[in-house]
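K.L.:
Next up is a structure, given as structure tokens.
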Amino acid sequence: MSLVIGLTGGIASGKSTVVELFKRKNATVVDADVIARKVVEPGTFAYNRIVREFGTQVVGADGKLNRVQLGRLVFQDETKRRQLNRITHPWIIFYMVRDCVINVLMGRPFVVLDVPLLFETKRLLWLCSVTVVVVCNREQQIERLERRNQLSQEEALQRINSQMSLQEKASMAHFVLDNSGTLTSLEEQFEHLWQQLQCIRKRRLFRYKLLGTSCFVIGICLIRTIFTSFLKQ
């Protein structure tokens, strides 16, 4: 039986680090960002629609989408960001659901759905047994984003403000990992989380086995009753 974990956080809050910690535990990760890149490869429906809607200015010299240019365009304009989401989100959700179901059917014990907008869209929450959010303080988030993406403070704030606040996400999640401190601190929190996730899976596995056994016993009793009644006729 699989335990499906919805993992989210804010931009530059440290979610990718937690993904690597899950991978060390041999958990299967279904990454929305990886899928998002695949659905906009040249020749795909989403790619053609984006070029038609936003123009060739978002296409690089190699024919692929210029993600930097596209990002600057949509994070400055709420209408354009929603327009982009309407094009890409249905495809991303389809492949996320497909990959999740495949891994569950294959019996992967832990399947992690890495979804930046898990609580914003809510379209994948129904798949998740538990949710985990990675947070940090706002100053760290701005600094990390500026350094990582080589953005101005204004551009960093535009991207951060386009998402639900970390405080709101934390209030909605089952578990919270605070990445405001050191890597060692984050790893310690993760180890505690991992133990809890293992316990949750074991409890659910026990309940399913108990339910299966109960259904089997009830079925045998019903068959016996029907067969006995038939013999008495």
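Letters for chains follow the order of the structure tokens (A, B, ...), residue numbers begin at 1 for each chain, and ligand numbers begin at 1 in the order shown.
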Sorted by chain and rising residue number, list the residues of region 116-137 of chain A at most 8 Å from region 2-14 of chain A (counting only C-alpha atoms), each with its closest atom pair and distance in Å to one decimal, as a tab-separated table.
P.N.:
residue	atom	partner	partner_atom	distance
A:Pro116	CA	A:Thr8	CA	5.0
A:Leu117	CA	A:Thr8	CA	7.0
A:Leu118	CA	A:Thr8	CA	6.2
A:Leu125	CA	A:Gly6	CA	7.3
A:Leu127	CA	A:Val4	CA	6.9
A:Cys128	CA	A:Val4	CA	5.0
A:Ser129	CA	A:Val4	CA	5.3
A:Val130	CA	A:Ile5	CA	5.2
A:Thr131	CA	A:Gly6	CA	4.5
A:Val132	CA	A:Leu7	CA	4.9
A:Val133	CA	A:Thr8	CA	4.9
A:Val134	CA	A:Gly9	CA	4.7
A:Val135	CA	A:Ser13	CA	5.5
A:Cys136	CA	A:Ser13	CA	5.6
K.L.:
Set the distance at 8 Å and use only C-alpha atoms: which residues neighbour Ile87 (chain A) once local chain neighbours fewer than 6 positions away are removed? I'd like the list as a PDB file with C-alpha atoms, in the first residue's frame.
P.N.:
ATOM      1  CA  ALA A  46       0.759  23.774 -24.851  1.00  0.00           C
ATOM      2  CA  ARG A  49      -0.742  27.686 -27.721  1.00  0.00           C
ATOM      3  CA  ILE A  50       1.762  29.711 -25.653  1.00  0.00           C
TER       4      ILE A  50
END
K.L.:
Name the closest residue to Lys80 (chain A) among the candidates A:Arg201, A:Glu53, A:Asp62, A:Cys100; distances are taken between atoms, counting only C-alpha atoms.
P.N.:
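Distance minimum relative to Lys80 (chain A) lands on A:Glu53.
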K.L.:
May I ask for the distance between CA of Glu188 (chain A) and CA of Leu166 (chain A), given in Å to one decimal place?
P.N.:
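Calculated distance between CA of Glu188 (chain A) and CA of Leu166 (chain A) is 20.7 Å.
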K.L.:
DSSP says strand (DSSP E or B) for which residues of region 35-150 of chain A? Put them as an NGL selection string?
P.N.:
:A and (59 or 65 or 110-114 or 130-135)
K.L.:
Please report, as a PyMOL selection string, each residue of region 80-171 of chain A to which DSSP assigns helix (DSSP H, G or I) when run on this structure's backbone.
P.N.:
chain A and resi 80-105+118-121+125-127+138-149+153-161+166-171
K.L.:
In Å to one decimal, how far is CA of Tyr47 (chain A) from CA of Gln158 (chain A)?
P.N.:
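Between these atoms lies a distance of 24.3 Å.
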